[in-house]
Number of protein chains: 2
Amino acid sequence: MKKDLGPVNTLYPSLTTIVGTVVDGRPNFLAIAHVGIMNHSQPQYISIGVNKSHYSNKGIREHKQFSVNIPGENLMAETDYVGIVTGKNTDKSKVFELYKGELEYAPLIAGCPVAMECRLHQVVDFPTHEVFVGEVVKTWADEAVLTGKGKVDPAKVRPLLFDMETLSYYGIGPVLGGCWNVGKKLKKG
Amino acid sequence: MKKDLGPVNTLYPSLTTIVGTVVDGRPNFLAIAHVGIMNHSQPQYISIGVNKSHYSNKGIREHKQFSVNIPGENLMAETDYVGIVTGKNTDKSKVFELYKGELEYAPLIAGCPVAMECRLHQVVDFPTHEVFVGEVVKTWADEAVLTGKGKVDPAKVRPLLFDMETLSYYGIGPVLGGCWNVGKKLKKG
């Protein structure tokens, strides 16, 4: 029996990130899981959907740069914290140890095993949210989370998955199968 | 030590969906994990990033409707299959049992525990991909995957998470903590 839930977004769980910006001259961080993958070839474009009420938006609009950091399970409390207090009245610049990449206004979090520096490509406007589309300029990762082929290994990153329906952070589970592979057996002929 | 990976999209794992369309008068399905959450309030807008070479795009552009179905682990092979064969030369209309919702051109997959019917809101154009932003018109779920409060429970849906770096499908793991809660202990005063 299918139940009609009305028009509900059920695109969960989604990947939890920490977006880094510089606002009013100070690094600021905001937990964002309403992310998106836009163009998958060079250049790579990703998106973050940010409520217009947030403080970070001002920094992104001003400097046209931001970082997207991917925290592991060990940073769950800090990640949640930067999602529940606002930079408008709280200095979040000291929550994390930072490092410098290529861009001036995309502060990177040392404790996050993976991070992307983005240059603002466009803003897609919605009633309550601004979707910032960023071009990935540079990606950083801890050697410890890479596979032998130099790819980012989710099993080592241990990302936080966000579910807004039950308001829970999930970890990732086991590998279930290979993409573009497990379906081959259904091919005919 | 942070390693420079170049400009790589590492926004993974992402949620695997099956997008339903009607193309040339026939239901068609395509696995898409390059999804996004755009506006999170009513109306709800979500996005799917689809390579311009795909067959589904034609149906979305013609009818301005599509469905976003969320398969569970039990549909991994079928999901992968509809991502590796194209509707241009393969009839995928019989792969799944379908049901009817509100929209005419958003075929829904009975075996997927959750599904959203979307009306096309806008197309954001990128070099190789079209990002179709849909307004969620109606959401359907199996009673069996709902919490006592009528919310979709990921632990019951058992969604497939897609990782393009290692080309693996992951399951979800355990609940690690409560959103907007576990960070409260870091608040001062």
# chains A, B, ... in the order shown; residues from 1 in each chain; ligands from 1
$ interface_residues --of "chain B" --to "chain A" --cutoff "6 Å" --atoms "only C-alpha atoms" --output "ChimeraX atom specification"
/B:1-8,34-39,49,77-78,80-81,129,136-142,151,165,167-180,182-183
$ select_by_dssp --residues "segment 13-136 of chain A" --states "alpha helix (DSSP H)" --output "ChimeraX atom specification"
/A:56-63,76-84
$ write_last_selection --atoms "all heavy atoms" --output "compact mmCIF listing (two decimals), in the first residue's frame"
# COMPACT_ATOMS: atom_id res chain seq x y z
N SER A 56 26.53 33.04 6.13
CA SER A 56 27.54 32.66 5.14
C SER A 56 27.29 33.28 3.76
O SER A 56 28.24 33.57 3.02
CB SER A 56 27.57 31.14 4.97
OG SER A 56 27.95 30.51 6.18
N ASN A 57 26.01 33.44 3.41
CA ASN A 57 25.66 33.91 2.08
C ASN A 57 26.36 35.22 1.72
O ASN A 57 26.80 35.41 0.59
CB ASN A 57 24.14 34.13 1.96
CG ASN A 57 23.35 32.90 2.39
OD1 ASN A 57 23.74 32.24 3.36
ND2 ASN A 57 22.27 32.59 1.70
N LYS A 58 26.46 36.08 2.70
CA LYS A 58 27.08 37.39 2.50
C LYS A 58 28.55 37.23 2.06
O LYS A 58 29.01 37.90 1.13
CB LYS A 58 27.00 38.16 3.83
CG LYS A 58 27.48 39.57 3.79
CD LYS A 58 27.37 40.19 5.19
CE LYS A 58 28.15 41.50 5.24
NZ LYS A 58 28.18 42.02 6.62
N GLY A 59 29.25 36.31 2.71
CA GLY A 59 30.65 36.08 2.36
C GLY A 59 30.81 35.48 0.98
O GLY A 59 31.74 35.83 0.23
N ILE A 60 29.92 34.57 0.63
CA ILE A 60 30.00 33.95 -0.70
C ILE A 60 29.73 34.99 -1.78
O ILE A 60 30.41 35.06 -2.80
CB ILE A 60 29.01 32.77 -0.82
CG1 ILE A 60 29.35 31.67 0.21
CG2 ILE A 60 29.05 32.19 -2.24
CD1 ILE A 60 28.36 30.52 0.25
N ARG A 61 28.72 35.82 -1.54
CA ARG A 61 28.38 36.85 -2.53
C ARG A 61 29.51 37.87 -2.68
O ARG A 61 29.80 38.35 -3.77
CB ARG A 61 27.08 37.55 -2.14
CG ARG A 61 25.85 36.67 -2.39
CD ARG A 61 24.56 37.47 -2.23
NE ARG A 61 23.42 36.73 -2.74
CZ ARG A 61 23.08 36.68 -4.03
NH1 ARG A 61 23.77 37.34 -4.93
NH2 ARG A 61 22.03 35.96 -4.40
N GLU A 62 30.15 38.19 -1.57
CA GLU A 62 31.20 39.22 -1.61
C GLU A 62 32.48 38.70 -2.29
O GLU A 62 33.03 39.36 -3.16
CB GLU A 62 31.52 39.68 -0.18
CG GLU A 62 32.57 40.80 -0.18
CD GLU A 62 32.90 41.29 1.22
OE1 GLU A 62 32.16 40.95 2.18
OE2 GLU A 62 33.91 42.01 1.37
N HIS A 63 32.92 37.51 -1.87
CA HIS A 63 34.23 37.03 -2.35
C HIS A 63 34.14 36.04 -3.50
O HIS A 63 35.14 35.70 -4.11
CB HIS A 63 34.99 36.39 -1.19
CG HIS A 63 35.23 37.33 -0.05
ND1 HIS A 63 36.00 38.46 -0.19
CD2 HIS A 63 34.78 37.31 1.23
CE1 HIS A 63 36.03 39.10 0.97
NE2 HIS A 63 35.30 38.43 1.85
N MET A 76 31.47 14.77 14.34
CA MET A 76 30.01 14.93 14.34
C MET A 76 29.55 16.09 15.23
O MET A 76 28.73 16.91 14.81
CB MET A 76 29.34 13.63 14.77
CG MET A 76 27.81 13.74 14.80
SD MET A 76 26.98 12.13 14.97
CE MET A 76 27.58 11.61 16.58
N ALA A 77 30.07 16.18 16.44
CA ALA A 77 29.60 17.23 17.35
C ALA A 77 29.96 18.62 16.83
O ALA A 77 29.12 19.53 16.82
CB ALA A 77 30.19 17.02 18.75
N GLU A 78 31.19 18.78 16.35
CA GLU A 78 31.62 20.08 15.82
C GLU A 78 30.81 20.46 14.57
O GLU A 78 30.45 21.62 14.38
CB GLU A 78 33.11 20.06 15.46
CG GLU A 78 34.07 20.00 16.65
CD GLU A 78 34.23 18.61 17.23
OE1 GLU A 78 33.58 17.64 16.73
OE2 GLU A 78 35.01 18.46 18.19
N THR A 79 30.55 19.47 13.73
CA THR A 79 29.77 19.72 12.51
C THR A 79 28.36 20.18 12.87
O THR A 79 27.85 21.17 12.33
CB THR A 79 29.68 18.42 11.67
OG1 THR A 79 31.00 17.97 11.38
CG2 THR A 79 28.90 18.65 10.39
N ASP A 80 27.76 19.47 13.81
CA ASP A 80 26.41 19.84 14.24
C ASP A 80 26.41 21.23 14.86
O ASP A 80 25.52 22.05 14.59
CB ASP A 80 25.91 18.80 15.25
CG ASP A 80 24.41 18.86 15.45
OD1 ASP A 80 23.67 18.68 14.45
OD2 ASP A 80 23.97 19.10 16.59
N TYR A 81 27.44 21.49 15.66
CA TYR A 81 27.56 22.78 16.34
C TYR A 81 27.57 23.95 15.35
O TYR A 81 26.84 24.92 15.54
CB TYR A 81 28.83 22.79 17.20
CG TYR A 81 29.17 24.13 17.79
CD1 TYR A 81 28.43 24.65 18.85
CD2 TYR A 81 30.25 24.87 17.30
CE1 TYR A 81 28.76 25.90 19.40
CE2 TYR A 81 30.57 26.11 17.84
CZ TYR A 81 29.83 26.61 18.89
OH TYR A 81 30.14 27.84 19.42
N VAL A 82 28.37 23.84 14.28
CA VAL A 82 28.43 24.96 13.33
C VAL A 82 27.17 25.04 12.47
O VAL A 82 27.02 25.97 11.67
CB VAL A 82 29.70 24.94 12.44
CG1 VAL A 82 30.96 25.07 13.29
CG2 VAL A 82 29.76 23.70 11.55
N GLY A 83 26.26 24.08 12.66
CA GLY A 83 24.95 24.17 12.00
C GLY A 83 23.89 24.78 12.90
O GLY A 83 22.83 25.18 12.41
N ILE A 84 24.15 24.85 14.19
CA ILE A 84 23.10 25.34 15.10
C ILE A 84 23.40 26.70 15.74
O ILE A 84 22.52 27.29 16.34
CB ILE A 84 22.74 24.31 16.21
CG1 ILE A 84 23.95 23.91 17.04
CG2 ILE A 84 22.07 23.07 15.60
CD1 ILE A 84 23.64 22.87 18.13
$ select_by_dssp --residues "chain B" --states "strand (DSSP E or B)" --output "PyMOL selection string"
chain B and resi 2-6+14-15+17-23+26-32+35-39+45-51+65-70+72+98-99+108-109+114-125+129-142+146+152+159+161-163+168-178
$ closest_residue --among "A:Val157, A:Ile18, A:Val23, A:Ile32" --to "Ile109 of chain A" --atoms "only C-alpha atoms"
A:Ile18
$ residues_around --residues "Lys92 of chain B" --least-positions-apart "5" --cutoff "8 Å" --atoms "only C-alpha atoms" --output "ChimeraX atom specification"
/B:27-29,82,87
$ atom_distance --atom1 "atom CA of Ala31 of chain A" --atom2 "atom CA of Tyr55 of chain A"
12.1 Å
$ atom_distance --atom1 "atom CA of Gly148 of chain A" --atom2 "atom CA of Cys112 of chain A"
20.0 Å
